[in-house]
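S.K.: First, the structure itself, so that you have it in front of you.
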Amino acid sequence: MSCAFGGREIVLIITALVSAAMAASLQIVHFKGEVLRMKRFWMVPIVVFIFMAVFFAALSARADDSGDERVVPVIRWVCFQCGKEFFTFAPDNIDGKAKTDHKMVNYQQSNWVLLGDPGKSVPKCEKSPDGAHFFEKKQELNTSPYIIHELRNFYIVLKNGGSLKAKIIKWKCMSCGINGFCFLGDDMDSATEIEFSGVQKVYNMKSGSRIPECRLKNYRGENIKCHMLDFTDKIEPKSIEIAKSLSNMWYSD
Ligand SMILES: [Zn+2]
Ligand SMILES: [Zn+2]
């Protein structure tokens, strides 16, 4: 968050203080009541528990805001023959058991391409005699746009797939007009505009290069650097559409 301070953290810290104050006042009531005198001993661990629970909730919210937003549902597959690992965007299905076509090398080579380069087919299986993989579903998980960028040549995209669980959203800088897309849920390092400390830590999904600085200048003629992002149209993409417009997709670190 180079350009903003997380509002969620403030809310969680206030919640922690209010919980602690409530727990403390309860303890005083128990102390004054003769009948409830015993209870003040077990109030102590409760107060500690509330503190710890809220503290760790605040910590995890902070971790989310640090940029590793796991907002994209994906599926991890392993080939039964060669043991190689690939991913698809959920619910794109490459299960060898799901369809006869999924076991045919010609079908794989003509329909399954790579996210990093949709002009390239999935590499052939090195262990099966005909070069066809046999994929088994290993895990459904949520991952971050950054990790997808890093593994873009291990993501299989279906030419004929349906709409994905993940959504993408169009953004535009209100100052300089630069625009693109990102996965819905990625804060693009710009939740609020409280602080301007430089251009966002936002990178291109295809090349990995950092977003250029905003061209808007302040009254002294200095570059503002930080884009003022506005999020507009939400889109339910197919995986092939993401692959084809990957150089227009951005992620925050
Ligand atoms: Zn294989
Ligand atoms: Zn801008």
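We label chains A, B, ... in the order they appear in the structure tokens, count residues from 1 in each chain, and number ligands from 1 in the order shown.
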Just want the 7 Å neighbourhood of stretch 140-150 of chain A, counted on only C-alpha atoms, with same-chain residues fewer than 2 positions away dropped. Output as a PyMOL selection string.
M.R.: chain A and resi 68-76+152+205-206+251+253
S.K.: With only C-alpha atoms and all ligand atoms as the basis for distance, which of A:Lys167, A:Lys103, A:Arg215, A:Lys127 is at the shortest distance from ligand 2?
M.R.: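 Between A:Lys167, A:Lys103, A:Arg215, A:Lys127, the residue approaching ligand 2 most closely is A:Arg215.
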S.K.: Could you list the protein, DNA and RNA residues that have any atom within 8 Å of ligand 1, counting only C-alpha atoms and all ligand atoms, and write them as a ChimeraX atom specification?
M.R.: /A:78-84,124-128,131-135
S.K.: Next, write the just-selected residues to a file, as a compact mmCIF listing (two decimals), in the first residue's frame, keeping N, CA and C atoms as the atom set.
M.R.:
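As a result, again-v4.txt now contains:
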# COMPACT_ATOMS: atom_id res chain seq x y z
N VAL A 78 -2.23 -32.59 -11.97
CA VAL A 78 -0.95 -33.27 -12.18
C VAL A 78 -1.18 -34.38 -13.20
N CYS A 79 -0.25 -34.49 -14.17
CA CYS A 79 -0.37 -35.54 -15.18
C CYS A 79 0.05 -36.86 -14.55
N PHE A 80 -0.84 -37.85 -14.68
CA PHE A 80 -0.63 -39.18 -14.14
C PHE A 80 0.60 -39.84 -14.78
N GLN A 81 0.90 -39.46 -16.04
CA GLN A 81 2.00 -40.10 -16.79
C GLN A 81 3.35 -39.46 -16.46
N CYS A 82 3.44 -38.13 -16.66
CA CYS A 82 4.76 -37.48 -16.55
C CYS A 82 4.96 -36.78 -15.21
N GLY A 83 3.88 -36.65 -14.43
CA GLY A 83 4.00 -36.02 -13.11
C GLY A 83 4.09 -34.51 -13.15
N LYS A 84 3.96 -33.90 -14.34
CA LYS A 84 4.06 -32.43 -14.41
C LYS A 84 2.79 -31.77 -13.90
N LYS A 124 3.79 -31.26 -25.14
CA LYS A 124 3.36 -32.67 -25.16
C LYS A 124 3.91 -33.43 -23.95
N CYS A 125 3.19 -34.48 -23.57
CA CYS A 125 3.62 -35.35 -22.47
C CYS A 125 4.88 -36.12 -22.89
N GLU A 126 5.88 -36.08 -22.04
CA GLU A 126 7.14 -36.75 -22.39
C GLU A 126 7.14 -38.22 -22.01
N LYS A 127 6.15 -38.63 -21.24
CA LYS A 127 6.16 -40.02 -20.76
C LYS A 127 5.15 -40.92 -21.47
N SER A 128 4.09 -40.35 -22.03
CA SER A 128 3.11 -41.21 -22.69
C SER A 128 3.54 -41.42 -24.15
N GLY A 131 2.14 -38.75 -26.57
CA GLY A 131 2.33 -37.34 -26.21
C GLY A 131 1.12 -36.71 -25.54
N ALA A 132 0.11 -37.53 -25.19
CA ALA A 132 -1.08 -36.99 -24.53
C ALA A 132 -0.92 -37.08 -23.01
N HIS A 133 -1.22 -35.98 -22.32
CA HIS A 133 -1.24 -36.00 -20.85
C HIS A 133 -2.52 -36.67 -20.37
N PHE A 134 -2.48 -37.13 -19.14
CA PHE A 134 -3.71 -37.58 -18.48
C PHE A 134 -3.77 -36.86 -17.14
N PHE A 135 -4.57 -35.79 -17.11
CA PHE A 135 -4.57 -34.94 -15.91
C PHE A 135 -5.55 -35.41 -14.86
S.K.: Based on the backbone DSSP call, show me all residues of stretch 54-192 of chain A assigned alpha helix (DSSP H), as a list in words.
M.R.: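 Written out, the alpha helix (DSSP H) residues of stretch 54-192 of chain A are Val54, Phe55, Phe56, Ala57, Ala58, Leu59, Ser60, Ala61, Arg62, Ala63, Asp64, Asp65, Val105, Asn106, Tyr107, Gln108, Gln109, Ser110, Asn111, Pro145, Tyr146, Ile147, Ile148, His149 and Glu150 of chain A.
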S.K.: 9 Å from ligand 2 is the threshold here; counting only C-alpha atoms and all ligand atoms, which polymer residues fall inside it? Answer as a list in words.
M.R.: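 Based on only C-alpha atoms and all ligand atoms, ligand 2 is surrounded within 9 Å by Lys172, Cys173, Met174, Ser175, Cys176, Gly177, Ile178, Asn179, Val199, Pro212, Glu213, Cys214, Arg215, Leu216, Ile224, Lys225, Cys226, His227, Met228 and Leu229 of chain A.
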S.K.: May I have the residues from that selection written out with N, CA and C atoms, as a PDB file, in the first residue's frame?
M.R.:
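Output file part_29.pdb follows:
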ATOM      1  N   LYS A 172      -9.353   2.813 -14.702  1.00  0.00           N
ATOM      2  CA  LYS A 172      -8.848   3.940 -15.488  1.00  0.00           C
ATOM      3  C   LYS A 172      -8.324   4.995 -14.520  1.00  0.00           C
ATOM      4  N   CYS A 173      -7.202   5.642 -14.868  1.00  0.00           N
ATOM      5  CA  CYS A 173      -6.705   6.748 -14.049  1.00  0.00           C
ATOM      6  C   CYS A 173      -7.456   8.004 -14.437  1.00  0.00           C
ATOM      7  N   MET A 174      -8.059   8.641 -13.439  1.00  0.00           N
ATOM      8  CA  MET A 174      -8.855   9.843 -13.696  1.00  0.00           C
ATOM      9  C   MET A 174      -7.970  11.050 -14.025  1.00  0.00           C
ATOM     10  N   SER A 175      -6.651  10.944 -13.729  1.00  0.00           N
ATOM     11  CA  SER A 175      -5.755  12.066 -14.007  1.00  0.00           C
ATOM     12  C   SER A 175      -5.158  11.987 -15.413  1.00  0.00           C
ATOM     13  N   CYS A 176      -4.620  10.826 -15.795  1.00  0.00           N
ATOM     14  CA  CYS A 176      -3.889  10.746 -17.067  1.00  0.00           C
ATOM     15  C   CYS A 176      -4.552   9.846 -18.098  1.00  0.00           C
ATOM     16  N   GLY A 177      -5.565   9.084 -17.697  1.00  0.00           N
ATOM     17  CA  GLY A 177      -6.318   8.292 -18.669  1.00  0.00           C
ATOM     18  C   GLY A 177      -5.783   6.889 -18.922  1.00  0.00           C
ATOM     19  N   ILE A 178      -4.615   6.536 -18.332  1.00  0.00           N
ATOM     20  CA  ILE A 178      -4.103   5.174 -18.525  1.00  0.00           C
ATOM     21  C   ILE A 178      -5.157   4.191 -17.996  1.00  0.00           C
ATOM     22  N   ASN A 179      -5.320   3.073 -18.699  1.00  0.00           N
ATOM     23  CA  ASN A 179      -6.380   2.142 -18.294  1.00  0.00           C
ATOM     24  C   ASN A 179      -5.982   0.706 -18.573  1.00  0.00           C
ATOM     25  N   VAL A 199       4.380   6.186  -7.480  1.00  0.00           N
ATOM     26  CA  VAL A 199       3.480   5.406  -8.321  1.00  0.00           C
ATOM     27  C   VAL A 199       3.162   4.078  -7.632  1.00  0.00           C
ATOM     28  N   PRO A 212       3.842   2.751 -15.515  1.00  0.00           N
ATOM     29  CA  PRO A 212       4.545   4.037 -15.571  1.00  0.00           C
ATOM     30  C   PRO A 212       3.927   5.052 -14.611  1.00  0.00           C
ATOM     31  N   GLU A 213       4.722   6.065 -14.225  1.00  0.00           N
ATOM     32  CA  GLU A 213       4.223   7.092 -13.305  1.00  0.00           C
ATOM     33  C   GLU A 213       3.114   7.909 -13.970  1.00  0.00           C
ATOM     34  N   CYS A 214       2.218   8.430 -13.124  1.00  0.00           N
ATOM     35  CA  CYS A 214       1.140   9.285 -13.641  1.00  0.00           C
ATOM     36  C   CYS A 214       1.757  10.568 -14.200  1.00  0.00           C
ATOM     37  N   ARG A 215       1.226  11.008 -15.330  1.00  0.00           N
ATOM     38  CA  ARG A 215       1.797  12.191 -15.983  1.00  0.00           C
ATOM     39  C   ARG A 215       1.249  13.503 -15.421  1.00  0.00           C
ATOM     40  N   LEU A 216       0.244  13.425 -14.550  1.00  0.00           N
ATOM     41  CA  LEU A 216      -0.337  14.662 -14.004  1.00  0.00           C
ATOM     42  C   LEU A 216       0.701  15.400 -13.151  1.00  0.00           C
ATOM     43  N   ILE A 224       2.910  14.084 -10.045  1.00  0.00           N
ATOM     44  CA  ILE A 224       2.180  13.537  -8.895  1.00  0.00           C
ATOM     45  C   ILE A 224       2.560  12.053  -8.708  1.00  0.00           C
ATOM     46  N   LYS A 225       2.870  11.376  -9.809  1.00  0.00           N
ATOM     47  CA  LYS A 225       3.318   9.973  -9.854  1.00  0.00           C
ATOM     48  C   LYS A 225       2.199   8.961  -9.602  1.00  0.00           C
ATOM     49  N   CYS A 226       1.399   9.172  -8.527  1.00  0.00           N
ATOM     50  CA  CYS A 226       0.392   8.193  -8.110  1.00  0.00           C
ATOM     51  C   CYS A 226      -0.875   8.358  -8.960  1.00  0.00           C
ATOM     52  N   HIS A 227      -1.332   7.270  -9.594  1.00  0.00           N
ATOM     53  CA  HIS A 227      -2.559   7.343 -10.390  1.00  0.00           C
ATOM     54  C   HIS A 227      -3.784   7.395  -9.474  1.00  0.00           C
ATOM     55  N   MET A 228      -4.812   8.075  -9.941  1.00  0.00           N
ATOM     56  CA  MET A 228      -6.101   8.118  -9.215  1.00  0.00           C
ATOM     57  C   MET A 228      -7.025   7.127  -9.921  1.00  0.00           C
ATOM     58  N   LEU A 229      -7.066   5.915  -9.409  1.00  0.00           N
ATOM     59  CA  LEU A 229      -7.757   4.859 -10.148  1.00  0.00           C
ATOM     60  C   LEU A 229      -9.248   4.837  -9.863  1.00  0.00           C
TER      61      LEU A 229
END
